[in-house]
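What follows is one structure encoded as C-alpha cells, with my remarks underneath.
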Amino acid sequence: MTEPAIWLSLLGPVRAWHGASELDLGAPQQRALLAVLLARAGQPVTMDELVDVLWPDRAPATAPNVVQRYVSQLRRVFGDTGLIVSTAGGYRLDATADTSDILHFRHLRDHDPVAALALRKGAVAADISPAVRTNPLFAAIEAEFAVVAIEAAELSLEDGSADRVLPGLREAASGRPLDEHLQATLMRTLAAAGRPAEALDIFVATRERLADELGIDPGPALAEAHLSVTRSPGSTPTVMPVIRPAQLPVDLPTFAGRRDQVAHIRSLLSGNAGGIVTMSGMGGIGKTTLVVHCAHEVAGDFPDGQLYVNLRGFDPSGKPMDTAEAIRGFLDALGVPPERIPHAVEAQAALYRSMLAGRRMLVVLDNVLDSEQARPLLPGNSGCRAIVTSRTPLTGLVVTDGAQPVPLDLLDPEGARSLLERRLGTARIAAEPAALPDLIALCGGLPLALAIVAARAAINPAFTLADIAAELRESGDPLDGFGTVDPSLDLRAVFSWSYRLLDEHAARLFRYLSIHPGPRLSTPAAASLLGVPVRRARALLAELSRAQLLTEYAAGRYRFHDLLRAYATELMAVAETEEAFARIRDHYVRSATAAAIRLNPRRSASTVEAPELAGVTPETFPDHDSALAWLTAERQVVLKVLDAAEATGAHAEVFQLAWALENLLQRRGFWAEWEASQRLAMTAAVRLGNRAAEAEAQHSLGMMFAPRFLNRQDDSRRHYGEALRLFRESGDLVSAAHLHVRIADLHATAGRHDDEHRQLREALNLYHRLEHPEKVADYISHAYYQLGEYDLALTYTEQAINYLRAAGDVHPQATAWVTMSTIRAALGAPAAALAGLRHAIELYRQSGDRFLHADALVDSAVHQLDLGDRHAAGESLREAAGMLSEIDSPRAVSVQAVASIVAAGDGERLRRAVAGLSSRYAARAVEVQPA
C-alpha cells in the first residue's frame, strides 16, 4: 500500500502528517475542532454540534465565526486535498481507513482486534481541553476501544501472547477505572504474562475505587478474575472476597419524625429478642420510608450485606411477586451461578438459607401480602435479621415465628411539622405559623399526603401554604377528604387537586392508565388506550409527568405508581373501562402478532383473527431484532392481557395472543408459560368452534412435550394424534404432513422404525401433492434423510436453503443448515457437517433460539470428536450446557455430564456418550449418568 498523502491521528494526541512531515494544526481549540470532525469522519457535523462540543459551558456570540475561521486555517494546512467539505449547515471530514487512525481502527477491529489495539497511542484526543474530551462523542470511542481491548486480550490468552496486548489494554483500562469487565481482563492478562502481583494490585485498587465512589463490592467478573489470579503460578493464595450485596434503596435525605419507632426497631435488630421484625400499617403510612431508613441506620451491624425486595403484595394488578422470583433474585445477588440454582422452589429456598448460614446479614421484605409469602424468604440462622412490612399485621409470623411486631400510626403534629420543615426549609414554615396547623390537620398525619403537599409547595414557591390548605379544604366534602374516620380516604383528596389541574384529555388518560395491565407502558400503548395519535399521546404523557402523576424512566416509557393507580381506578367509569380495555387488548394483540410475524416470516398467519378496533396504534418493528426485543420486554404484560382476555370471554384474542407468544416462549425455554398459554388457546378454540385453531394448539403442546424439549413422549403422542386428526378434518395438508414427520420422530426415538418410515411416507405423499413444494423443501429433505435416501435429502436441503435465504427467513434457514450437516455426516464428511453447523449456530444466535443453538453446539461436539479435536468438543458442550441451564432444560445435566467425560478423555465411551446427546446420532449412544 502506498503511503497516504495525509495521515490524521485521534488515538492519542490530535496530530497530522503529510508524508513524513508533521503538520502544525494550530491552537488547541482548532485541534479540538479537527478532533470532533475526525470522531465523526465521513458524517456531516452541524455548526450547532461543533459549537456545543467546543464551548461546553457557554458559547460566545461569535462562536460560528470562530469555527469558520478554524476550518479555513485547517484547509490551508491540508492544502488541496479536499479533506474538509462544506455541507448544509456544517462540515464533513472525508477521511478513509487509509488516511486516519480511527477509521483504520474500525476497519481492523472486527477481524484483527490485536492489530486494532496496537493503533492506540494514548487517550482519545489526549491533548485537547479536558472539558471538551468529556463530551459523549469521545467517551463513545473510549467505549469502542474497551470492547476491542477485551477481545484482543481474550485472543492473546488463547494463543499465549499476553505481553503484546498489555500496553493497549493498560491504556484502555486506565481510561475506564470502574469498568469491572475491563479491569478483570487486565488482571487475567497480567497474570498470564507472569505478573500476578500487578494483577492483584489492580484488584485492590479497583475494589477500593468501587467502594469509595459507588459504595459497592466487586461483582462476579472481578471476583472470578481474582480467584484465577490467586490460583495462578507465582501468586500468593488469598481468599476470594465474599460477595456483599447492598440492595437497600436510597435513604430519603428528608426523612423526619418516627424517633421512637426508629429507636425501638434499632433495639430489636441489635438485641437478642428475635431475628424478625414486622411493621404494619395502612397504605401511605410510610412503611417503606421508615424501614429503609432504619435499615441504613443499622447496616454497619451487618458486615455481610443487605438484601431488599419489594414483594408487591398489594399491587393494583392483583399479582404479587412470586416467591420463586424473589428467591432467585436473592440467589443472584449472593453470586450463585445460574447453573447451581435448582429448579424446585423448595430447593431454591434451602440453598438461599444455606448461603446465609454463618453470615450476619440484614434482609428487608417490603410490601408483603401475608405470612406465607414472606416465610420462605426468612433467614434460617440467628446471625441474620429480617424486617418485614405489610398492610396486614402478619399475625402468623408473630405467632409461629416469634416476630416482634411494630405497628405504625399516623404522624403526630410534631412529626408532621418536622417532615414539612425538612422538605421546605424552616424559613418557609416559620413565615406562615397560622397556616401550618391547618395544613397538617387537613393531611391527617398521613406521611404520603404531607409529602405530596410539600412537593406542591416546593414546585410552586409563589403558592402560600394557606393557598394550598384552602385548595385542599375546598376539594369536596371533608368526610371524603382528610378528616374522615377511614384514613385511606385522605389520599384520594390529596390526589384530587393534582388531578383537577389537568386538562380533560390528560385527565382521561390518567383514568385510563388504571386499566393498563402493567406498571410500565410505552407511548403507543397510551395512544391505543385513548384512541388518539401517538403525537397527541406523547403530549398528554408529558403533562402527566410534569404533574408528578407519572414517571418517565426511559425515553418514551413511563411508570405508574401503584397508589396513583388505585386512585385512578376509583375515577374510572364502567363504560370507560370496557371501551379502553378493548382498545389496549387490541393494541397488544396486534403488536404481538406483528412481532411474531417479524420473528418468523415463514409462519402461517393465525387461524383466528380478532377484530381490529379504530383508534388503536400498535407497535411497529422494522426488523427481527426489534421484534424479539419487544416481545422479550413485554412478555409478562402480554401474558397479563391474555389472562384478562380469557376472564372476559374474548376467545379470539386469547388464541391470537397465545399464537403470537409461542415462538418466543419456545426459543427462551419458558415451558410453564408455553403450556399454560396453549391450554388457554385450546379452550378458546373449542369455544369458538374452530377446529383448525384447536389443531394448532394441540400441535404446539405436542411439540413442547416431544423428546427435544420436555421429553414427555406419551403426552406428545396424545396431542400430536389429536392435532393430526383435526388438521386432516380441516383439510390443512401442510400441517398434517408436518405432523407426520414429528410423529415419525417419536417412533424413531422409541425404536419403532417401521412405524417411523410409514409416517414419513405419509408425509412425503402429502408434501408432493402441494402446489409449491419448494416452500417445504426443508421438511421434505428431513423426511428423505430419515428414510436413508441421502441424495434426495441433499437435493431438497440445498433447494430449501436457497429458498429460505432469498426469503430472509432466519430461523428455518438455520434448521435447514442443521439438516444439511446431518446428511453430510451420514455421507462421511464430518468437516463439511461442522461447517454447516457453524452457519446454523450463527443463525440461531440471530433468532434468539437458545435451545436449538445449544442443540447445534452438541451436534458440533460430535463432529469435532470425529475430527480429533477433543478440546473444541469440550468447549462446545460446556457452552451448550450453560445455555440449557439458563432456560431450565432437563437436558442440561446430561450435557454437563458428557462434557466431564470429554474432559477426562474416556476413550470410546466418550465418543458414544456425545453421540447419545443428539437425536440425530442416537444409534451410537450409551446411557450417561451425571457424576
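Labeling convention for the C-alpha cells: chains A, B, ... as they appear, residues from 1 per chain, ligands from 1 in order of appearance.
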Region 832-835 of chain A surroundings by only C-alpha atoms, 12 Å radius, close-in-sequence under 3 positions cut, as an MDAnalysis selection string: chainID A and resid 817:829 838:842 856:867 869 872:873 876
Env of Pro517 (chain A): 7 Å cut, atoms = only C-alpha atoms, seq-sep filter 2 positions within chain, self excluded. Answer as a ChimeraX atom specification. /A:317,515,637,640-641
Identify, on the basis of only C-alpha atoms, every residue whose closest approach to His624 (chain A) does not exceed 7 Å; exclude the query and any residue fewer than 3 positions from it along the same chain; express the result as an mmCIF file with C-alpha atoms, in the first residue's frame.
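This is the output file out.cif:
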data_model
loop_
_atom_site.group_PDB
_atom_site.id
_atom_site.type_symbol
_atom_site.label_atom_id
_atom_site.label_comp_id
_atom_site.auth_asym_id
_atom_site.auth_seq_id
_atom_site.Cartn_x
_atom_site.Cartn_y
_atom_site.Cartn_z
ATOM 1 C CA ARG A 598 -41.388 -10.418 12.011
ATOM 2 C CA LEU A 599 -39.751 -13.041 14.229
ATOM 3 C CA ALA A 627 -39.474 -7.624 17.329
ATOM 4 C CA LEU A 628 -37.522 -10.029 19.542
#
Quick one: residues within 12 Å of Arg207 (chain A), only C-alpha atoms counted, chain neighbours fewer than 5 positions away excluded, as a PDB file with C-alpha atoms, in the first residue's frame?
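part_10.pdb written:
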ATOM      1  CA  PRO A 177     -11.309   2.600  36.027  1.00  0.00           C
ATOM      2  CA  LEU A 178     -14.830   1.495  37.075  1.00  0.00           C
ATOM      3  CA  ASP A 179     -15.334  -0.935  34.151  1.00  0.00           C
ATOM      4  CA  GLU A 180     -15.155  -4.216  36.085  1.00  0.00           C
ATOM      5  CA  GLN A 183     -10.237  -4.418  34.829  1.00  0.00           C
ATOM      6  CA  ALA A 184     -10.842  -8.161  35.244  1.00  0.00           C
ATOM      7  CA  LEU A 200      -3.607  -8.286  42.465  1.00  0.00           C
ATOM      8  CA  ASP A 201      -2.695  -4.595  42.789  1.00  0.00           C
ATOM      9  CA  ILE A 202      -5.256  -3.854  40.065  1.00  0.00           C
ATOM     10  CA  ASP A 212     -15.292   4.825  47.624  1.00  0.00           C
ATOM     11  CA  GLU A 213     -17.101   6.072  44.515  1.00  0.00           C
ATOM     12  CA  LEU A 214     -20.084   3.721  44.196  1.00  0.00           C
ATOM     13  CA  GLY A 215     -20.372   2.125  47.620  1.00  0.00           C
ATOM     14  CA  ILE A 216     -20.374  -1.406  46.182  1.00  0.00           C
ATOM     15  CA  ASP A 217     -18.203  -4.510  46.314  1.00  0.00           C
ATOM     16  CA  PRO A 218     -16.574  -6.204  43.288  1.00  0.00           C
ATOM     17  CA  GLY A 219     -19.003  -8.045  41.026  1.00  0.00           C
ATOM     18  CA  LEU A 222     -13.678  -9.143  39.181  1.00  0.00           C
ATOM     19  CA  ALA A 223     -14.197 -11.809  41.829  1.00  0.00           C
ATOM     20  CA  HIS A 226      -9.188 -12.502  41.477  1.00  0.00           C
ATOM     21  CA  PRO A 241     -13.890 -11.903  48.770  1.00  0.00           C
ATOM     22  CA  ILE A 243     -19.976 -11.025  47.546  1.00  0.00           C
TER      23      ILE A 243
END
